[in-house]
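Structure first, commentary second.
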Amino acid sequence: MSDESLIRLAEAAGLSIDWVDADNREQRVEPTVLREVLSCLGLAAETDADIDTSLEILAHKNNHGGVPPLLTCDQHATLDLSAYFSASSRFELQAEDGGVQQGTLDDQARLPAVDTPGYYRLTIDKYQLTVAIAPLSCPTVAEIAGVDAWGLTVQLYGLRRADDGGLGDTQALEALVSNAAAHGADALGISPVHAMFGAHIDQYSPYSPSSRLFFNVLHAAPGSILGERPLRQAIETCGLGEELKRLERLELIDWPAVARSRHRLLRQLFDDFSKGGNPLQVDFDSFRASGGEALENHCRFEALHTHLRDAQGHPQHWNNWPSAYRDPSSPAVEAFAREHADEVSYHAFGQWLMARGLERAQVAARSAGMRIGLISDLAVGADGGGSQAWSRQAELLASLSVGAPPDIMNRDGQNWGISAFSPWGLRQNGFRAYIEMLRANLAHAGGMRIDHVLGLKRLWVVPAGADPKRGVYLNFPFDDMLRLLCLEAWRHQAVILGEDLGTIPHGLRDVLAARGILGMRVLLFEQHDGHFQTPAQYPAQALATSTTHDIPTLTGWWHGHDIDWRIKVGQVPESDRDAQWQAREKERAGLNRALCEYSGKNPDVLLNAEEAVDAAICFLAHTPAPLVLVPVEDALGLEEQTNMPGIVETHPNWRRRYPGDSATLLDSPASSRRLASFAQARRNHRGAAHR
């Protein structure tokens, strides 16, 4: 078999044979890696005969039987339909409001330009398809919130309130948005609230969900929806009072114990609710009906995942279920749902509580004066053994894992253990899974952060469980996905933020900026060899922030606390401690110089950590960034970081709780002073922008 034929197949499958790494070096994927990944895509490539067969399979996938179910087009632009229809064909175009336009395609078989964004039903001859007309840009921060916008980011699970049972919930979030708004914040970015596995109580990373369509019911606050009296009665019935108090007192979240207690409590609440007579029953029934097939499938998956265990009694991947249950539409699944209707309804009940809780939090944010409100966080993928992959098998690649090649942040590369969309599956199904995911994450928010936004164009994929270095970039229908994102953002009047860190294709940032999608610039990364960018050097097409959940807090970085942690968990040998400290001292001196020169202080005098955090936040306030987001950890001057990528057992990832009640979390003298100075600096920035 020749390498040329293998490369031809790989390119036809959308794989990038050649790519440029984070050090700007050209790379070429090894043939063995190409064959492994192609095999996971269902494309055999061991022999020339295999390749010929696989090329035929691809041709069928890409053709998908002729006219695709959905095409995208920009507002004010004609749509070329010459691949499917002849010139002068008669058409009928129906808008979402029922309005109808009739006419003929032009002499180049183009549909006339449409001025109003939306989804249109196009009928030509015997064919019907959807045409998504996208605005040229997502709503911008300036349009939604003005030129001085700022906000905070928070790990939802870490929030505290009285009687929270050991985990942050939507009631604590509702309190925090009011507290943040009182300090002048326009937005509050929250950690992902995607649905996890009810039966996998020890799997809790918010970036490894079961589904990105639904919510983690552990964050529900039943008392805020059902009332405190039913909640207290359920706690008493379950005998959970002491356990909930114990969990609330813990310094770190005990996820398995919290999951056990909350599921038990939610089940009791559901049983009480189901006895009838509750005036909220109508709202629950309406919610469930509007959730349709997608909600029903998720709830059925949760019930099945609990019941279909392996010989040792452990929950298992749906691929290992009896074959009759692997298809969501099978008669066996229908029969199971009827036999376990109560359990399926219970899972819908949890989703209802979460949706209504997030809705309350967003209403509270806007009512308190936030111009954006909540910013949701969309994870880059979902677990291949989860609800979304089972429900949308034709549209996700459960046999491949998403990750990242070796880069500046991680020289070993990363395998995140989550699945990606299938480029062909998306096209064949009218981008259904993608559109419903966008809508779910914009439903109760004024903005959305897209984790690893590079995934709209390409994703580094590796066979499940493989070394991340043995991967390749898989390309996606970027223009279509970008247009659909702009359209859904426009329909929801939401701002879109794209986490664009890592190995970035040339020109991608410019394309995203032109579409109104803000990139991300992190203070600690905006340097070269200890020389930090000035505020004026920050781009006007990206948000600015001090740190992220995957790197040290400002205080931790200033003290070198992250170096101690890397040595403690074995990422760095003890023998490298001096070299690590010397490098950090050089970077710290560089940041100290940048902060002091900007604020008019003596750069030869090293700021203490509190002074450095104050100065850094005001420094960011004066950048031309349309939006500045400060992690709550930095607003409070905390030392510990949220997550250490690549570390599972030896660092308490996703378990830290904040040191005060959400209703007053930001009111300490230090954080109040810090946020007041920051807000004033943003107002000064607005004044300078207007002059």
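If you're wondering about the labels, chains in the structure tokens are A, B, ... by order shown, residues count from 1 in each chain, ligands from 1 in order shown.
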**Q.** stretch 334-349 of chain A surroundings by only C-alpha atoms, 8 Å radius, close-in-sequence under 6 positions cut, as a ChimeraX atom specification
**A.** /A:267,270,284,288,295-296,299-300,302-303
Q | Exercise: stretch 36-39 of chain A partners within 7 Å, only C-alpha atoms, chain neighbours under 4 positions left out, as an MDAnalysis selection string | A | chainID A and resid 32 43:45 462:463
Q | Selection: 10 Å around A:Ser419, only C-alpha atoms, excl. self and same-chain fewer than 6 positions, as a PyMOL selection string | A | chain A and resi 208+380-386+388-389+396-403+461-462+464
Given the selection you just returned, output its residues as a file containing N, CA and C atoms, formatted as a PDB file, in the first residue's frame.
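This went into out-v8.pdb:
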ATOM      1  N   SER A 208     -16.092  16.828  31.702  1.00  0.00           N
ATOM      2  CA  SER A 208     -16.238  15.455  31.197  1.00  0.00           C
ATOM      3  C   SER A 208     -17.671  14.983  31.431  1.00  0.00           C
ATOM      4  N   VAL A 380     -15.906  21.196  25.612  1.00  0.00           N
ATOM      5  CA  VAL A 380     -15.530  20.894  24.233  1.00  0.00           C
ATOM      6  C   VAL A 380     -16.089  19.566  23.748  1.00  0.00           C
ATOM      7  N   GLY A 381     -16.455  18.681  24.660  1.00  0.00           N
ATOM      8  CA  GLY A 381     -16.994  17.388  24.252  1.00  0.00           C
ATOM      9  C   GLY A 381     -17.732  16.731  25.391  1.00  0.00           C
ATOM     10  N   ALA A 382     -18.218  15.516  25.136  1.00  0.00           N
ATOM     11  CA  ALA A 382     -18.937  14.743  26.140  1.00  0.00           C
ATOM     12  C   ALA A 382     -18.380  13.328  26.167  1.00  0.00           C
ATOM     13  N   ASP A 383     -18.554  12.662  27.285  1.00  0.00           N
ATOM     14  CA  ASP A 383     -18.083  11.295  27.453  1.00  0.00           C
ATOM     15  C   ASP A 383     -18.730  10.387  26.399  1.00  0.00           C
ATOM     16  N   GLY A 384     -17.909   9.601  25.720  1.00  0.00           N
ATOM     17  CA  GLY A 384     -18.427   8.706  24.689  1.00  0.00           C
ATOM     18  C   GLY A 384     -19.349   7.635  25.223  1.00  0.00           C
ATOM     19  N   GLY A 385     -19.316   7.402  26.527  1.00  0.00           N
ATOM     20  CA  GLY A 385     -20.205   6.429  27.137  1.00  0.00           C
ATOM     21  C   GLY A 385     -21.424   7.060  27.757  1.00  0.00           C
ATOM     22  N   GLY A 386     -21.699   8.323  27.434  1.00  0.00           N
ATOM     23  CA  GLY A 386     -22.755   9.060  28.101  1.00  0.00           C
ATOM     24  C   GLY A 386     -24.041   9.199  27.317  1.00  0.00           C
ATOM     25  N   GLN A 388     -25.459  11.825  25.762  1.00  0.00           N
ATOM     26  CA  GLN A 388     -25.474  12.511  24.472  1.00  0.00           C
ATOM     27  C   GLN A 388     -24.960  11.611  23.361  1.00  0.00           C
ATOM     28  N   ALA A 389     -23.898  10.854  23.630  1.00  0.00           N
ATOM     29  CA  ALA A 389     -23.342   9.947  22.622  1.00  0.00           C
ATOM     30  C   ALA A 389     -24.322   8.825  22.305  1.00  0.00           C
ATOM     31  N   LEU A 396     -22.048  11.750  16.780  1.00  0.00           N
ATOM     32  CA  LEU A 396     -20.866  11.829  17.634  1.00  0.00           C
ATOM     33  C   LEU A 396     -19.923  10.669  17.344  1.00  0.00           C
ATOM     34  N   LEU A 397     -18.643  10.895  17.589  1.00  0.00           N
ATOM     35  CA  LEU A 397     -17.610   9.880  17.356  1.00  0.00           C
ATOM     36  C   LEU A 397     -17.192   9.298  18.700  1.00  0.00           C
ATOM     37  N   ALA A 398     -17.911   8.283  19.150  1.00  0.00           N
ATOM     38  CA  ALA A 398     -17.657   7.728  20.484  1.00  0.00           C
ATOM     39  C   ALA A 398     -16.365   6.943  20.562  1.00  0.00           C
ATOM     40  N   SER A 399     -15.787   6.549  19.409  1.00  0.00           N
ATOM     41  CA  SER A 399     -14.577   5.724  19.423  1.00  0.00           C
ATOM     42  C   SER A 399     -13.291   6.538  19.431  1.00  0.00           C
ATOM     43  N   LEU A 400     -13.405   7.848  19.321  1.00  0.00           N
ATOM     44  CA  LEU A 400     -12.232   8.724  19.356  1.00  0.00           C
ATOM     45  C   LEU A 400     -12.327   9.672  20.545  1.00  0.00           C
ATOM     46  N   SER A 401     -11.175  10.016  21.105  1.00  0.00           N
ATOM     47  CA  SER A 401     -11.119  10.973  22.207  1.00  0.00           C
ATOM     48  C   SER A 401     -10.531  12.290  21.716  1.00  0.00           C
ATOM     49  N   VAL A 402     -11.057  13.376  22.249  1.00  0.00           N
ATOM     50  CA  VAL A 402     -10.539  14.709  21.944  1.00  0.00           C
ATOM     51  C   VAL A 402      -9.404  15.033  22.909  1.00  0.00           C
ATOM     52  N   GLY A 403      -8.422  15.754  22.424  1.00  0.00           N
ATOM     53  CA  GLY A 403      -7.323  16.181  23.286  1.00  0.00           C
ATOM     54  C   GLY A 403      -6.565  17.326  22.656  1.00  0.00           C
ATOM     55  N   VAL A 461      -7.726  14.515  17.618  1.00  0.00           N
ATOM     56  CA  VAL A 461      -8.410  13.297  18.024  1.00  0.00           C
ATOM     57  C   VAL A 461      -7.416  12.140  18.093  1.00  0.00           C
ATOM     58  N   VAL A 462      -7.623  11.282  19.071  1.00  0.00           N
ATOM     59  CA  VAL A 462      -6.778  10.104  19.268  1.00  0.00           C
ATOM     60  C   VAL A 462      -7.694   8.929  19.577  1.00  0.00           C
ATOM     61  N   ALA A 464      -9.408   6.095  21.607  1.00  0.00           N
ATOM     62  CA  ALA A 464      -9.718   6.098  23.035  1.00  0.00           C
ATOM     63  C   ALA A 464      -8.615   5.408  23.830  1.00  0.00           C
TER      64      ALA A 464
END
Give me the residues of stretch 99-200 of chain A that have any atom at most 10 Å from an atom of stretch 232-251 of chain A; for each, the nearest atom pair and the distance in Å, rounded to one decimal. Use only C-alpha atoms, sort by chain and number, and format it as CSV.
residue,atom,partner,partner_atom,distance
A:Arg160,CA,A:Glu248,CA,8.4
A:Arg161,CA,A:Glu248,CA,9.0
A:Ala162,CA,A:Glu248,CA,8.4
A:Asp163,CA,A:Lys245,CA,7.0
A:Asp164,CA,A:Glu248,CA,6.5
A:Gly165,CA,A:Leu244,CA,4.3
A:Gly166,CA,A:Glu248,CA,3.8
A:Leu167,CA,A:Glu248,CA,7.4
A:Gly168,CA,A:Glu248,CA,9.9
Go ahead and save the picked residues with N, CA and C atoms, as a tab-separated table (two decimals), in the first residue's frame.
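Okay, this is what ended up in again.tsv:
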chain	number	residue	atom	x	y	z
A	160	ARG	N	-21.14	28.73	48.59
A	160	ARG	CA	-21.70	28.35	49.89
A	160	ARG	C	-22.94	29.17	50.21
A	161	ARG	N	-23.84	28.54	50.94
A	161	ARG	CA	-24.97	29.22	51.59
A	161	ARG	C	-25.37	28.35	52.76
A	162	ALA	N	-26.15	28.90	53.65
A	162	ALA	CA	-26.62	28.12	54.79
A	162	ALA	C	-27.47	26.96	54.32
A	163	ASP	N	-27.24	25.78	54.91
A	163	ASP	CA	-28.02	24.58	54.61
A	163	ASP	C	-27.88	24.13	53.16
A	164	ASP	N	-26.67	24.27	52.60
A	164	ASP	CA	-26.48	23.86	51.20
A	164	ASP	C	-26.12	22.38	51.04
A	165	GLY	N	-25.88	21.69	52.14
A	165	GLY	CA	-25.59	20.26	52.06
A	165	GLY	C	-24.25	19.91	51.45
A	166	GLY	N	-23.33	20.88	51.39
A	166	GLY	CA	-21.97	20.55	50.97
A	166	GLY	C	-21.62	20.81	49.53
A	167	LEU	N	-22.49	21.49	48.77
A	167	LEU	CA	-22.21	21.75	47.35
A	167	LEU	C	-22.92	23.01	46.90
A	168	GLY	N	-22.26	23.79	46.05
A	168	GLY	CA	-22.89	24.99	45.51
A	168	GLY	C	-24.09	24.65	44.64
Q) Which residues, written as a ChimeraX atom specification, have at least one atom at most 10 Å from stretch 634-641 of chain A, with only C-alpha atoms counted and residues fewer than 6 positions away on the same chain left out? A) /A:152-153,546-562,565,609-610,612-614,616-617,651-654,656,658-659,665-675,678
Q. What are the DSSP strand (DSSP E or B) residues of stretch 12-214 of chain A, as a PyMOL selection string?
A. chain A and resi 15-16+18-20+26-28+70-74+79-80+90-94+100-104+110-111+118-124+127-134+149-154+187-190+194-195+211-214
Q.
One decimal, in Å: what's the spacing between atom CA of A:Leu15 and atom CA of A:Tyr207?
A.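 Distance reported for this atom pair: 24.8 Å.
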**Q.** Selection near A:Val67, 10 Å with only C-alpha atoms, sequence-local residues under 3 positions removed, as a ChimeraX atom specification
**A.** /A:63-64,70-71,81,83-85,127-129,428
**Q.** Residue neighbourhood stretch 503-515 of chain A, 10 Å, only C-alpha atoms, exclusion window fewer than 2 positions, as an MDAnalysis selection string
**A.** chainID A and resid 19:24 135:140 404:409 453:454 457:458 482:483 485:486 496:498 500:501 517:520 540:542
Go ahead and save the picked residues with N, CA and C atoms, as a short mmCIF file (atom, residue, chain, number, x, y, z; two decimals), in the first residue's frame.
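Once written, result-v4.cif looks like this:
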data_model
loop_
_atom_site.label_atom_id
_atom_site.label_comp_id
_atom_site.auth_asym_id
_atom_site.auth_seq_id
_atom_site.Cartn_x
_atom_site.Cartn_y
_atom_site.Cartn_z
N TRP A 19 0.75 19.79 9.80
CA TRP A 19 0.28 20.85 10.69
C TRP A 19 1.48 21.53 11.33
N VAL A 20 1.25 22.69 11.92
CA VAL A 20 2.31 23.47 12.55
C VAL A 20 2.07 23.46 14.05
N ASP A 21 3.11 23.09 14.83
CA ASP A 21 2.94 22.96 16.28
C ASP A 21 3.08 24.30 16.99
N ALA A 22 2.98 24.27 18.31
CA ALA A 22 3.00 25.49 19.11
C ALA A 22 4.34 26.21 19.04
N ASP A 23 5.40 25.50 18.65
CA ASP A 23 6.72 26.11 18.50
C ASP A 23 6.98 26.54 17.06
N ASN A 24 5.89 26.57 16.25
CA ASN A 24 5.96 27.00 14.85
C ASN A 24 6.82 26.06 14.00
N PRO A 135 -26.75 36.06 10.72
CA PRO A 135 -26.26 37.44 10.73
C PRO A 135 -24.75 37.43 10.53
N LEU A 136 -24.21 38.55 10.13
CA LEU A 136 -22.77 38.60 9.85
C LEU A 136 -21.94 38.50 11.11
N SER A 137 -22.56 38.77 12.28
CA SER A 137 -21.80 38.76 13.53
C SER A 137 -22.70 38.35 14.67
N CYS A 138 -22.11 37.76 15.69
CA CYS A 138 -22.80 37.58 16.96
C CYS A 138 -23.03 38.96 17.59
N PRO A 139 -24.00 39.09 18.48
CA PRO A 139 -24.13 40.35 19.21
C PRO A 139 -22.83 40.66 19.95
N THR A 140 -22.40 41.89 19.90
CA THR A 140 -21.14 42.25 20.55
C THR A 140 -21.39 42.72 21.98
N ALA A 404 -5.29 17.40 22.94
CA ALA A 404 -4.44 18.46 22.40
C ALA A 404 -3.05 17.88 22.16
N PRO A 405 -2.40 18.32 21.10
CA PRO A 405 -1.02 17.87 20.87
C PRO A 405 -0.09 18.52 21.87
N PRO A 406 1.15 18.07 21.97
CA PRO A 406 2.11 18.75 22.85
C PRO A 406 2.18 20.24 22.50
N ASP A 407 2.08 21.08 23.52
CA ASP A 407 2.15 22.52 23.29
C ASP A 407 2.84 23.20 24.47
N ILE A 408 2.78 24.52 24.50
CA ILE A 408 3.50 25.27 25.52
C ILE A 408 2.96 24.95 26.91
N MET A 409 1.65 24.71 27.02
CA MET A 409 1.04 24.46 28.31
C MET A 409 1.29 23.03 28.80
N VAL A 453 -12.49 26.83 21.61
CA VAL A 453 -13.26 27.24 20.44
C VAL A 453 -12.62 26.81 19.13
N LEU A 454 -11.34 26.44 19.18
CA LEU A 454 -10.67 25.93 17.99
C LEU A 454 -11.39 24.71 17.44
N LYS A 457 -13.29 24.51 14.16
CA LYS A 457 -12.55 24.32 12.92
C LYS A 457 -11.85 22.96 12.86
N ARG A 458 -11.22 22.56 13.96
CA ARG A 458 -10.52 21.28 13.97
C ARG A 458 -10.33 20.83 15.40
N LEU A 482 -19.98 28.01 12.26
CA LEU A 482 -19.82 29.40 12.66
C LEU A 482 -21.11 30.19 12.37
N ARG A 483 -21.70 29.94 11.21
CA ARG A 483 -22.95 30.64 10.89
C ARG A 483 -24.06 30.26 11.86
N LEU A 485 -23.74 29.24 14.90
CA LEU A 485 -23.43 29.87 16.18
C LEU A 485 -23.87 31.33 16.17
N CYS A 486 -23.56 32.05 15.12
CA CYS A 486 -23.97 33.46 15.02
C CYS A 486 -25.49 33.58 15.05
N ILE A 496 -20.75 35.90 22.75
CA ILE A 496 -20.04 34.63 22.64
C ILE A 496 -18.56 34.85 22.88
N LEU A 497 -18.01 34.07 23.79
CA LEU A 497 -16.59 34.11 24.12
C LEU A 497 -15.96 32.79 23.69
N GLY A 498 -14.79 32.86 23.11
CA GLY A 498 -14.13 31.65 22.64
C GLY A 498 -12.77 31.48 23.28
N ASP A 500 -9.43 30.53 23.13
CA ASP A 500 -8.59 30.27 21.96
C ASP A 500 -7.12 30.13 22.35
N LEU A 501 -6.85 29.41 23.42
CA LEU A 501 -5.49 29.16 23.86
C LEU A 501 -5.00 27.85 23.28
N ILE A 517 -16.92 37.09 17.86
CA ILE A 517 -16.61 36.12 18.92
C ILE A 517 -15.32 36.57 19.61
N LEU A 518 -15.41 36.87 20.88
CA LEU A 518 -14.25 37.37 21.61
C LEU A 518 -13.28 36.24 21.93
N GLY A 519 -12.02 36.44 21.60
CA GLY A 519 -10.98 35.53 22.06
C GLY A 519 -10.67 35.78 23.52
N MET A 520 -9.56 35.24 23.98
CA MET A 520 -9.25 35.28 25.42
C MET A 520 -7.77 35.57 25.61
N ALA A 540 -8.37 44.49 20.96
CA ALA A 540 -9.74 44.94 21.23
C ALA A 540 -10.77 43.89 20.80
N GLN A 541 -10.31 42.71 20.35
CA GLN A 541 -11.21 41.65 19.91
C GLN A 541 -11.17 40.45 20.84
N ALA A 542 -10.71 40.65 22.07
CA ALA A 542 -10.62 39.54 23.02
C ALA A 542 -10.93 40.04 24.42
#
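Nearest to A:Ala132 of all the residues A:Leu265, A:Ile418, A:Cys596, A:Met481 is A:Met481, based on only C-alpha atoms.
Here atom CA of A:Thr170 stands at a distance of 5.9 Å from atom CA of A:Ala220.
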Q: Would you list the contacts of A:Ser286 as JSON, numbers by chain, taking every protein, DNA or RNA residue within 12 Å and counting only C-alpha atoms, but skipping same-chain residues closer than 5 positions in sequence?
A: {"A": [280, 281, 291, 292, 348, 349, 352]}
(Q) From the options A:Val363, A:Leu591, A:Leu543, A:Ala221, which residue's atoms come nearest to A:Val147, counting only C-alpha atoms? (A)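 Counting only C-alpha atoms, the residue closest to A:Val147 is A:Leu543.
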Q: Could you please determine the separation between atom CA of A:Ala181 and atom CA of A:Arg212 in Å, to one decimal place?
A: 27.8 Å
Q. Using the chain letters and numbers from this document, which residues of stretch 595-645 of chain A does DSSP assign to helix (DSSP H, G or I), as a PyMOL selection string?
A. chain A and resi 595-599+609-621+632-635
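For the choices A:Leu474, A:Leu79, A:Leu308, A:Val100, the atom-to-atom distance to A:Val29 is smallest for A:Leu474 when using only C-alpha atoms.
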